[in-house]
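For reference, protein-v3.txt is printed below; it contains compact mmCIF, C-alpha atoms and all ligand atoms.
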# COMPACT_ATOMS: atom_id res chain seq x y z
CA MET A 1 -25.19 19.34 27.02
CA ALA A 2 -25.75 18.07 23.50
CA ARG A 3 -23.10 15.56 22.53
CA PHE A 4 -21.47 16.00 19.12
CA SER A 5 -18.00 15.20 17.82
CA SER A 6 -15.46 17.38 16.01
CA ILE A 7 -12.07 16.82 14.45
CA THR A 8 -9.58 18.82 16.52
CA GLY A 9 -6.35 17.66 14.90
CA THR A 10 -5.06 15.82 11.83
CA GLY A 11 -1.80 14.04 11.11
CA SER A 12 -0.23 11.75 8.56
CA TYR A 13 2.91 9.80 7.83
CA LEU A 14 4.41 8.36 4.65
CA PRO A 15 7.32 5.90 4.72
CA PRO A 16 10.38 7.65 3.29
CA ARG A 17 10.92 5.38 0.25
CA ARG A 18 9.22 7.19 -2.65
CA VAL A 19 8.84 5.15 -5.82
CA THR A 20 7.96 7.02 -9.02
CA ASN A 21 6.22 5.33 -11.94
CA ALA A 22 9.54 5.32 -13.78
CA ASP A 23 11.28 3.63 -10.80
CA LEU A 24 8.51 1.02 -10.61
CA ALA A 25 8.51 0.42 -14.37
CA GLU A 26 12.28 -0.21 -14.20
CA GLU A 27 11.92 -2.64 -11.25
CA LEU A 28 9.08 -4.49 -12.99
CA ALA A 29 10.92 -4.63 -16.33
CA ALA A 30 13.70 -6.55 -14.58
CA LYS A 31 11.05 -9.20 -13.76
CA GLY A 32 9.66 -9.22 -17.31
CA VAL A 33 6.57 -7.13 -16.43
CA GLU A 34 5.95 -4.27 -18.85
CA THR A 35 4.39 -0.95 -17.81
CA SER A 36 5.07 2.75 -18.30
CA ASP A 37 4.70 6.12 -16.59
CA GLN A 38 2.43 7.20 -19.44
CA TRP A 39 0.00 4.24 -19.03
CA ILE A 40 -0.19 4.66 -15.24
CA VAL A 41 -0.71 8.45 -15.38
CA GLU A 42 -3.32 8.30 -18.16
CA ARG A 43 -5.42 5.52 -16.59
CA THR A 44 -5.09 6.41 -12.91
CA GLY A 45 -3.49 9.85 -12.31
CA ILE A 46 -0.83 8.17 -10.14
CA ARG A 47 2.74 9.47 -10.51
CA ALA A 48 4.40 8.09 -7.36
CA ARG A 49 3.71 6.08 -4.22
CA HIS A 50 5.61 5.33 -1.00
CA PHE A 51 6.60 1.81 0.06
CA ALA A 52 7.49 0.82 3.61
CA ASP A 53 10.78 -1.00 4.17
CA ASP A 54 10.73 -4.65 5.22
CA GLY A 55 9.64 -5.06 8.83
CA VAL A 56 7.77 -1.73 9.00
CA THR A 57 4.15 -2.38 9.96
CA SER A 58 0.84 -0.55 9.76
CA SER A 59 1.05 0.31 13.46
CA ASP A 60 4.54 1.82 12.90
CA LEU A 61 3.11 4.16 10.24
CA GLY A 62 -0.10 4.75 12.18
CA VAL A 63 1.61 5.74 15.41
CA GLU A 64 3.58 8.48 13.62
CA ALA A 65 0.37 9.84 12.06
CA ALA A 66 -1.35 9.63 15.47
CA ARG A 67 1.45 11.58 17.21
CA ARG A 68 1.14 14.35 14.61
CA ALA A 69 -2.64 14.48 15.01
CA LEU A 70 -2.30 14.67 18.81
CA GLU A 71 0.20 17.50 18.47
CA ALA A 72 -2.13 19.37 16.10
CA ALA A 73 -5.03 18.90 18.55
CA GLY A 74 -2.83 20.05 21.43
CA ILE A 75 -3.65 17.08 23.63
CA ALA A 76 -1.55 14.37 25.29
CA ALA A 77 -1.84 10.69 24.30
CA SER A 78 -2.88 9.95 27.91
CA GLU A 79 -6.13 11.89 27.34
CA ILE A 80 -7.27 9.51 24.56
CA ASP A 81 -10.05 7.12 25.61
CA LEU A 82 -10.68 5.34 22.28
CA ILE A 83 -8.44 4.17 19.44
CA ILE A 84 -9.84 2.81 16.18
CA VAL A 85 -7.51 1.74 13.40
CA ALA A 86 -8.95 1.15 9.94
CA THR A 87 -6.71 -1.33 8.16
CA SER A 88 -6.76 -4.40 5.92
CA THR A 89 -3.03 -4.96 6.43
CA PRO A 90 -2.72 -5.30 10.23
CA ASP A 91 0.60 -6.19 11.85
CA MET A 92 -0.64 -9.69 12.73
CA ILE A 93 -3.86 -11.72 12.71
CA PHE A 94 -4.36 -10.71 16.33
CA PRO A 95 -4.14 -8.68 18.48
CA SER A 96 -5.36 -5.66 16.55
CA ALA A 97 -3.07 -3.00 15.11
CA ALA A 98 -4.96 -0.62 17.43
CA CYS A 99 -3.74 -2.46 20.56
CA ILE A 100 -0.16 -2.54 19.27
CA LEU A 101 -0.35 1.16 18.35
CA GLN A 102 -1.79 2.03 21.79
CA HIS A 103 1.29 0.48 23.45
CA LYS A 104 3.63 2.31 21.03
CA LEU A 105 1.92 5.55 22.08
CA GLY A 106 2.87 4.70 25.67
CA ILE A 107 -0.69 4.53 26.98
CA ALA A 108 -2.91 1.77 28.35
CA GLY A 109 -6.48 1.16 29.40
CA CYS A 110 -8.52 2.88 26.68
CA ALA A 111 -10.63 0.85 24.23
CA ALA A 112 -8.72 -0.09 21.07
CA PHE A 113 -9.84 -2.11 18.06
CA ASP A 114 -9.51 -2.38 14.29
CA VAL A 115 -12.17 -1.82 11.65
CA GLN A 116 -11.88 -3.87 8.45
CA ALA A 117 -13.81 -2.31 5.59
CA VAL A 118 -10.88 -2.09 3.14
CA CYS A 119 -10.84 1.31 1.37
CA SER A 120 -14.05 2.42 3.11
CA GLY A 121 -12.38 1.68 6.46
CA PHE A 122 -11.76 5.28 7.46
CA VAL A 123 -15.35 6.48 6.91
CA TYR A 124 -16.57 3.38 8.78
CA ALA A 125 -14.13 4.02 11.66
CA LEU A 126 -14.96 7.73 11.86
CA THR A 127 -18.68 6.92 12.00
CA VAL A 128 -18.14 4.37 14.79
CA ALA A 129 -16.04 6.85 16.79
CA ASP A 130 -18.64 9.61 16.27
CA SER A 131 -21.37 7.23 17.50
CA LEU A 132 -19.37 6.20 20.59
CA ILE A 133 -18.78 9.86 21.45
CA LYS A 134 -22.45 10.75 20.93
CA THR A 135 -23.59 7.90 23.18
CA GLY A 136 -21.18 8.87 25.97
CA THR A 137 -18.81 5.89 25.70
CA ALA A 138 -15.84 8.05 24.66
CA ASN A 139 -14.79 11.72 24.74
CA LYS A 140 -11.47 11.87 22.89
CA ALA A 141 -10.82 9.37 20.12
CA LEU A 142 -7.94 8.68 17.77
CA VAL A 143 -9.20 7.45 14.41
CA ILE A 144 -6.42 6.18 12.18
CA GLY A 145 -6.18 4.67 8.70
CA ALA A 146 -2.91 2.77 8.24
CA GLU A 147 -1.83 0.38 5.51
CA VAL A 148 1.15 -1.48 4.10
CA PHE A 149 -0.58 -2.62 0.90
CA SER A 150 2.82 -3.31 -0.71
CA ARG A 151 2.84 -6.55 1.35
CA ILE A 152 -0.21 -7.96 -0.44
CA LEU A 153 0.63 -6.87 -4.00
CA ASP A 154 1.42 -9.35 -6.75
CA PHE A 155 4.35 -7.66 -8.50
CA SER A 156 3.89 -9.95 -11.50
CA ASP A 157 0.37 -8.50 -12.07
CA ARG A 158 0.73 -5.10 -13.74
CA THR A 159 -3.02 -4.49 -13.57
CA THR A 160 -2.87 -4.11 -9.76
CA CYS A 161 0.70 -3.60 -8.50
CA VAL A 162 1.06 -0.12 -10.03
CA LEU A 163 -2.00 1.22 -8.19
CA PHE A 164 -1.26 0.94 -4.47
CA GLY A 165 1.03 2.48 -1.85
CA ASP A 166 1.71 2.51 1.90
CA GLY A 167 0.98 5.24 4.47
CA ALA A 168 -1.13 6.39 7.41
CA GLY A 169 -3.40 9.26 8.36
CA ALA A 170 -5.07 10.10 11.66
CA VAL A 171 -7.55 12.45 13.27
CA VAL A 172 -8.34 13.32 16.86
CA LEU A 173 -12.12 13.36 17.27
CA GLU A 174 -13.35 15.08 20.43
CA LEU A 175 -16.63 15.67 22.20
CA SER A 176 -18.04 19.08 21.26
CA GLU A 177 -21.21 21.07 21.92
CA THR A 178 -21.77 21.71 18.21
CA PRO A 179 -21.17 19.44 15.20
CA GLY A 180 -18.52 18.51 13.85
CA ILE A 181 -19.73 15.46 12.15
CA LEU A 182 -23.11 16.21 10.59
CA ALA A 183 -24.16 12.88 9.08
CA SER A 184 -22.85 9.54 7.80
CA ASP A 185 -24.07 6.89 5.41
CA LEU A 186 -22.52 3.39 5.33
CA HIS A 187 -23.25 0.41 3.10
CA ALA A 188 -21.96 -3.01 2.02
CA ASP A 189 -22.92 -5.64 -0.53
CA GLY A 190 -21.14 -8.96 -0.02
CA LYS A 191 -22.16 -10.37 -3.38
CA HIS A 192 -19.24 -8.46 -4.90
CA VAL A 193 -16.57 -10.21 -2.76
CA GLY A 194 -14.81 -11.60 -5.82
CA ILE A 195 -14.14 -8.33 -7.68
CA LEU A 196 -11.65 -7.07 -5.10
CA CYS A 197 -10.18 -9.44 -2.55
CA VAL A 198 -7.17 -11.13 -0.99
CA PRO A 199 -8.60 -14.65 -0.95
CA GLY A 200 -5.93 -16.41 1.13
CA THR A 201 -6.16 -17.26 4.81
CA VAL A 202 -4.08 -18.92 7.50
CA SER A 203 -5.17 -22.36 8.66
CA GLY A 204 -3.38 -25.17 10.46
CA GLY A 205 -0.11 -23.26 10.34
CA LYS A 206 -0.23 -22.76 6.56
CA VAL A 207 -1.37 -20.05 4.18
CA LEU A 208 -4.35 -21.48 2.31
CA GLY A 209 -5.27 -19.88 -1.01
CA ASP A 210 -3.63 -16.86 -2.62
CA PRO A 211 -2.50 -14.19 -0.13
CA LEU A 212 -2.13 -11.50 -2.83
CA LEU A 213 -4.62 -8.87 -4.02
CA LYS A 214 -6.96 -9.73 -6.91
CA MET A 215 -9.05 -7.08 -8.64
CA ASP A 216 -11.41 -6.81 -11.58
CA GLY A 217 -10.58 -3.16 -12.21
CA GLN A 218 -13.36 -2.42 -14.66
CA ALA A 219 -16.05 -3.95 -12.42
CA VAL A 220 -14.74 -1.90 -9.47
CA PHE A 221 -14.68 1.25 -11.60
CA LYS A 222 -18.31 0.85 -12.75
CA LEU A 223 -19.63 0.23 -9.23
CA ALA A 224 -17.54 2.93 -7.55
CA VAL A 225 -18.81 6.08 -9.27
CA GLY A 226 -22.49 5.15 -8.80
CA VAL A 227 -22.29 4.21 -5.13
CA LEU A 228 -20.14 7.22 -4.26
CA GLU A 229 -22.73 9.57 -5.70
CA GLN A 230 -25.56 7.76 -3.84
CA ALA A 231 -23.68 7.86 -0.52
CA ALA A 232 -22.87 11.56 -0.90
CA ARG A 233 -26.49 12.46 -1.72
CA ALA A 234 -27.86 10.34 1.16
CA THR A 235 -25.45 11.98 3.61
CA LEU A 236 -26.35 15.48 2.42
CA ALA A 237 -30.08 14.65 2.77
CA LYS A 238 -29.58 13.39 6.35
CA ALA A 239 -27.75 16.62 7.24
CA GLY A 240 -30.25 18.87 5.42
CA ARG A 241 -27.48 20.26 3.22
CA GLU A 242 -26.98 20.65 -0.54
CA ALA A 243 -24.04 19.56 -2.70
CA ALA A 244 -23.35 23.27 -3.24
CA ASP A 245 -22.60 23.55 0.53
CA ILE A 246 -19.54 21.27 0.14
CA ASP A 247 -16.30 23.25 0.31
CA TRP A 248 -14.05 20.22 -0.21
CA LEU A 249 -14.74 16.73 -1.54
CA ILE A 250 -12.18 14.27 -0.12
CA PRO A 251 -12.84 10.91 -1.76
CA HIS A 252 -10.87 7.71 -1.32
CA GLN A 253 -7.82 8.24 -3.53
CA ALA A 254 -8.02 5.25 -5.88
CA ASN A 255 -8.11 6.68 -9.35
CA ILE A 256 -8.38 10.30 -10.54
CA ARG A 257 -11.03 9.32 -13.10
CA ILE A 258 -13.33 7.83 -10.41
CA MET A 259 -12.78 10.92 -8.23
CA GLN A 260 -13.51 13.38 -11.03
CA GLY A 261 -16.52 11.31 -12.14
CA THR A 262 -17.99 11.57 -8.64
CA ALA A 263 -17.39 15.34 -8.46
CA ARG A 264 -19.09 15.79 -11.84
CA LYS A 265 -22.13 13.75 -10.77
CA LEU A 266 -22.44 16.03 -7.73
CA LYS A 267 -22.00 19.05 -10.05
CA LEU A 268 -18.99 20.18 -8.02
CA PRO A 269 -16.20 22.10 -9.76
CA LEU A 270 -13.05 19.99 -9.95
CA ASP A 271 -11.12 22.59 -7.93
CA LYS A 272 -13.15 21.47 -4.87
CA LEU A 273 -11.63 18.01 -5.13
CA VAL A 274 -8.71 17.19 -2.82
CA VAL A 275 -6.25 15.11 -4.85
CA THR A 276 -3.24 13.26 -3.44
CA VAL A 277 -3.54 10.05 -5.49
CA ASP A 278 -0.89 11.48 -7.84
CA GLN A 279 1.73 11.41 -5.06
CA HIS A 280 0.45 8.63 -2.74
CA GLY A 281 -1.23 6.08 -5.04
CA ASN A 282 -4.08 4.16 -3.48
CA THR A 283 -3.32 3.68 0.22
CA SER A 284 -6.70 2.05 0.95
CA ALA A 285 -8.01 2.98 4.43
CA ALA A 286 -5.20 5.53 4.86
CA SER A 287 -5.99 7.54 1.75
CA ILE A 288 -8.75 9.81 3.09
CA PRO A 289 -6.99 10.91 6.31
CA LEU A 290 -3.73 11.31 4.35
CA ALA A 291 -5.49 13.58 1.85
CA LEU A 292 -7.30 15.46 4.63
CA ASP A 293 -4.08 16.14 6.53
CA ALA A 294 -2.21 17.20 3.38
CA ALA A 295 -4.98 19.71 2.55
CA VAL A 296 -5.14 21.03 6.13
CA ARG A 297 -1.37 21.48 6.40
CA SER A 298 -1.07 23.13 2.97
CA GLY A 299 -3.69 25.68 4.06
CA LYS A 300 -6.27 24.55 1.48
CA ILE A 301 -8.81 23.52 4.12
CA SER A 302 -9.63 26.00 6.85
CA ARG A 303 -11.68 25.83 10.03
CA GLY A 304 -15.43 26.14 9.54
CA GLN A 305 -15.44 24.66 6.05
CA THR A 306 -17.74 21.78 5.08
CA LEU A 307 -16.05 18.55 4.03
CA MET A 308 -17.47 15.45 2.35
CA LEU A 309 -15.34 12.34 2.94
CA GLU A 310 -16.18 9.32 0.79
CA GLY A 311 -14.86 5.77 0.70
CA VAL A 312 -15.41 2.75 -1.53
CA GLY A 313 -13.64 -0.57 -1.52
CA GLY A 314 -13.54 -4.32 -1.13
CA GLY A 315 -16.52 -6.01 0.39
CA PHE A 316 -18.00 -4.27 -1.56
CA THR A 317 -18.24 -1.44 0.99
CA TRP A 318 -18.95 2.24 0.58
CA GLY A 319 -19.94 5.26 2.61
CA ALA A 320 -19.63 8.97 3.26
CA VAL A 321 -19.24 11.38 6.18
CA LEU A 322 -20.22 15.06 6.00
CA LEU A 323 -18.64 17.37 8.56
CA ASP A 324 -18.00 20.97 9.47
CA PHE A 325 -14.26 21.21 10.09
N1 LIG A 401 0.77 -0.99 -17.71
C1 LIG A 401 0.57 -1.11 -19.03
N2 LIG A 401 -0.52 -1.71 -19.55
C2 LIG A 401 -1.42 -2.20 -18.69
C3 LIG A 401 -1.25 -2.10 -17.28
C4 LIG A 401 -0.10 -1.48 -16.82
N3 LIG A 401 0.15 -1.32 -15.50
N4 LIG A 401 -2.31 -2.68 -16.68
C5 LIG A 401 -3.13 -3.12 -17.67
N5 LIG A 401 -2.58 -2.83 -18.87
C6 LIG A 401 -3.12 -3.12 -20.20
C7 LIG A 401 -4.05 -4.30 -20.20
O1 LIG A 401 -3.34 -5.52 -20.33
C8 LIG A 401 -4.91 -4.02 -21.40
O2 LIG A 401 -4.19 -4.39 -22.54
P1 LIG A 401 -4.95 -5.07 -23.79
O3 LIG A 401 -5.91 -4.00 -24.28
O4 LIG A 401 -3.84 -5.35 -24.74
O5 LIG A 401 -5.64 -6.26 -23.23
C9 LIG A 401 -5.00 -2.48 -21.41
O6 LIG A 401 -3.93 -2.01 -20.59
C10 LIG A 401 -6.30 -1.96 -20.87
O7 LIG A 401 -6.59 -2.61 -19.64
P2 LIG A 401 -7.91 -2.30 -18.86
O8 LIG A 401 -7.96 -3.18 -17.66
O9 LIG A 401 -9.06 -2.32 -19.80
O10 LIG A 401 -7.63 -0.79 -18.42
P3 LIG A 401 -8.62 0.22 -17.75
O11 LIG A 401 -8.76 1.40 -18.58
O12 LIG A 401 -9.86 -0.46 -17.23
O13 LIG A 401 -7.77 0.67 -16.49
C11 LIG A 401 -7.66 0.33 -14.14
C12 LIG A 401 -7.41 -0.28 -15.51
C13 LIG A 401 -6.73 1.52 -13.97
C14 LIG A 401 -7.32 -0.71 -13.09
C15 LIG A 401 -9.11 0.78 -14.04
O14 LIG A 401 -9.99 -0.27 -14.39
C16 LIG A 401 -9.44 1.24 -12.66
O15 LIG A 401 -8.93 2.23 -12.18
N6 LIG A 401 -10.37 0.57 -11.97
C17 LIG A 401 -10.73 0.90 -10.63
C18 LIG A 401 -9.70 0.32 -9.74
C19 LIG A 401 -9.78 0.91 -8.39
O16 LIG A 401 -10.07 2.07 -8.24
N7 LIG A 401 -9.53 0.08 -7.42
C20 LIG A 401 -9.49 0.46 -6.11
C21 LIG A 401 -10.86 0.80 -5.55
S1 LIG A 401 -11.18 0.01 -4.11
C22 LIG A 401 -9.78 -0.02 -3.32
O17 LIG A 401 -9.16 1.00 -3.28
C23 LIG A 401 -9.23 -1.27 -2.74
Output the structure of this file as structure tokens.
Amino acid sequence: MARFSSITGTGSYLPPRRVTNADLAEELAAKGVETSDQWIVERTGIRARHFADDGVTSSDLGVEAARRALEAAGIAASEIDLIIVATSTPDMIFPSAACILQHKLGIAGCAAFDVQAVCSGFVYALTVADSLIKTGTANKALVIGAEVFSRILDFSDRTTCVLFGDGAGAVVLELSETPGILASDLHADGKHVGILCVPGTVSGGKVLGDPLLKMDGQAVFKLAVGVLEQAARATLAKAGREAADIDWLIPHQANIRIMQGTARKLKLPLDKLVVTVDQHGNTSAASIPLALDAAVRSGKISRGQTLMLEGVGGGFTWGAVLLDF
């Protein structure tokens, strides 16, 4: 039997605390930081984001998304033989959020590890899971993107703190006789470390360096549109498909202008773009599976359609996955 992988269920979870731009602007004004709903909407398309309460971790959000994906796939957690969590905000330095999430799911024994590729994390994790299924190492995988980016935001820096949110999305990826995942294309270029990073680290019992997010927004913007187009075209070429075959483009939800720019470069009508950045903000590795699940549950995406998932983020990392849903 040929070994391919297919998504059999999707799920997502947002922490209940929804913070609109107006709420955030009011909170920031109290600290002497000036912003407005109008500035945030015009430059980013973001209208609201969700923030997790103190003590709520990425694995807490991820396990809820995972349960919903399992339910949608109609399988029990005990059938899962691989868990990959894409996150840059894990619960602790180690063990991985994936191990903690596995225990919260009430299962044991299956392989579990985290992938750290920042906002490209979900396309990296999905590609790794697809490869492990194709090579016979796994048959039923949970691939999760989960983040609590609010923990690493500098709320005195208006150029970054208005952009991000918390949340989790998950898919069940199962062995199938037909694809499923058609092709992937992953890249990184470490020379761009400084344009998007959290430079701090823990050493000798102390936090060394700054543990909050730093970003050169314009440098990120310029790189993002170009690499997203390249990754999409390379993935289509590997699969022997054309851009016109894409039913839905589901890019990392960072900024509506980057997303629309990518769609235009691929000559895709903007109504083929799945957009949740307006309601979720940028949830890093969680943004693609969150957007996927929202579009599946709203009935936008149906079985048999062709989806292009695309991520770009710190590292610099970028990549794409083309799949038949
Ligand atoms: N509210 C009000 N004014 C602001 C704010 C704010 N929140 N932030 C910046 N400004 C001001 C600046 O101070 C500047 O004022 P000045 O002209 O008086 O100096 C003005 O707005 C313009 O600032 P720019 O930085 O030039 O604004 P730009 O149009 O580049 O938009 C943005 C900034 C939204 C960050 C944009 O560069 C961007 O989206 N970049 C990509 C970021 C991104 O997508 N990151 C994530 C990708 S990877 C990942 O997800 C981890």
Selection near Ser36 of chain A, 12 Å with all atoms listed in the file, sequence-local residues under 5 positions removed, as a ChimeraX atom specification: /A:20-29,41-43,46-47,158-159,162
Residues within 12 Å of (0.4, 5.7, 8.8), counting only C-alpha atoms, listed as a PyMOL selection string: chain A and resi 10-16+50-52+56-69+85-87+89-90+97-98+101+143-149+165-171+280+283-290+293
Under the rule of at most 7 Å, produce a per-residue listing of chain A near ligand LIG 401 (chain A): chain, number, name, the closest pair of atoms, and the distance in Å, as a Markdown table, using only C-alpha atoms and all ligand atoms.
| residue | atom | partner | partner_atom | distance |
| --- | --- | --- | --- | --- |
| A:Glu34 | CA | A:LIG401 | N1 | 6.2 |
| A:Thr35 | CA | A:LIG401 | N1 | 3.6 |
| A:Ser36 | CA | A:LIG401 | N1 | 5.7 |
| A:Trp39 | CA | A:LIG401 | C1 | 5.4 |
| A:Ile40 | CA | A:LIG401 | N3 | 6.0 |
| A:Arg43 | CA | A:LIG401 | C13 | 5.0 |
| A:Thr44 | CA | A:LIG401 | C13 | 5.3 |
| A:Val118 | CA | A:LIG401 | C23 | 6.2 |
| A:Cys119 | CA | A:LIG401 | O17 | 5.0 |
| A:Arg158 | CA | A:LIG401 | N3 | 4.2 |
| A:Thr159 | CA | A:LIG401 | N4 | 3.7 |
| A:Thr160 | CA | A:LIG401 | C14 | 6.5 |
| A:Val162 | CA | A:LIG401 | N3 | 5.7 |
| A:Leu196 | CA | A:LIG401 | C23 | 6.7 |
| A:Gly217 | CA | A:LIG401 | O14 | 3.7 |
| A:Gln218 | CA | A:LIG401 | O14 | 4.0 |
| A:Val220 | CA | A:LIG401 | C17 | 5.0 |
| A:Phe221 | CA | A:LIG401 | C17 | 4.1 |
| A:Ala254 | CA | A:LIG401 | O16 | 4.5 |
| A:Asn255 | CA | A:LIG401 | O16 | 5.1 |
| A:Ile258 | CA | A:LIG401 | O16 | 7.0 |
| A:Asn282 | CA | A:LIG401 | O17 | 6.0 |
| A:Ser284 | CA | A:LIG401 | O17 | 5.0 |
| A:Val312 | CA | A:LIG401 | S1 | 5.7 |
| A:Gly313 | CA | A:LIG401 | S1 | 3.6 |
| A:Gly314 | CA | A:LIG401 | C23 | 5.5 |
Skipping near chain neighbours, those fewer than 2 positions away, what residues fall within 12 Å of Ser131 of chain A using all atoms listed in the file, listed as a PyMOL selection string? chain A and resi 3-6+82+124-129+133-139+141+173-175+181-184
Pick out the closest residue to Val225 of chain A from this set: A:Ala263, A:Ile246, A:Ala188, A:Val274. Count only C-alpha atoms.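 Checking each of A:Ala263, A:Ile246, A:Ala188, A:Val274 against Val225 of chain A, counting only C-alpha atoms, the winner is A:Ala263.
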List as a PDB file with C-alpha atoms, in the frame of the given file the protein and nucleic acid residues near Ala219 of chain A, meaning an atom at most 12 Å away when all atoms listed in the file are counted, but skip any in the same chain fewer than 3 places from it.
ATOM      1  CA  HIS A 192     -19.240  -8.460  -4.900  1.00  0.00           C
ATOM      2  CA  VAL A 193     -16.570 -10.210  -2.760  1.00  0.00           C
ATOM      3  CA  GLY A 194     -14.810 -11.600  -5.820  1.00  0.00           C
ATOM      4  CA  ILE A 195     -14.140  -8.330  -7.680  1.00  0.00           C
ATOM      5  CA  LEU A 196     -11.650  -7.070  -5.100  1.00  0.00           C
ATOM      6  CA  MET A 215      -9.050  -7.080  -8.640  1.00  0.00           C
ATOM      7  CA  ASP A 216     -11.410  -6.810 -11.580  1.00  0.00           C
ATOM      8  CA  LYS A 222     -18.310   0.850 -12.750  1.00  0.00           C
ATOM      9  CA  LEU A 223     -19.630   0.230  -9.230  1.00  0.00           C
ATOM     10  CA  ALA A 224     -17.540   2.930  -7.550  1.00  0.00           C
ATOM     11  CA  VAL A 225     -18.810   6.080  -9.270  1.00  0.00           C
ATOM     12  CA  GLY A 226     -22.490   5.150  -8.800  1.00  0.00           C
ATOM     13  CA  GLY A 313     -13.640  -0.570  -1.520  1.00  0.00           C
ATOM     14  CA  GLY A 314     -13.540  -4.320  -1.130  1.00  0.00           C
ATOM     15  CA  PHE A 316     -18.000  -4.270  -1.560  1.00  0.00           C
TER      16      PHE A 316
END
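If you measure from each of A:Arg241, A:Lys267, A:Lys300, A:Leu212 to Phe155 of chain A using all atoms listed in the file, the closest one turns out to be A:Leu212.
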Quick one: residues within 7 Å of (-11.9, -2.7, 15.1) (file frame), counting all atoms listed in the file, please, as an MDAnalysis selection string. chainID A and resid 84:85 113:116
Expressed in Å, the length from atom CA of Gly304 of chain A to atom CA of Leu266 of chain A is 21.2 Å
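The space separating atom CA of Leu228 of chain A from atom CA of Trp318 of chain A comes to 7.0 Å.
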As a PyMOL selection string, please: the residues near Ala243 of chain A (cut-off 12 Å, all atoms listed in the file, same-chain neighbours under 5 positions excluded). chain A and resi 229-237+248-249+262-269+272+306-308+322
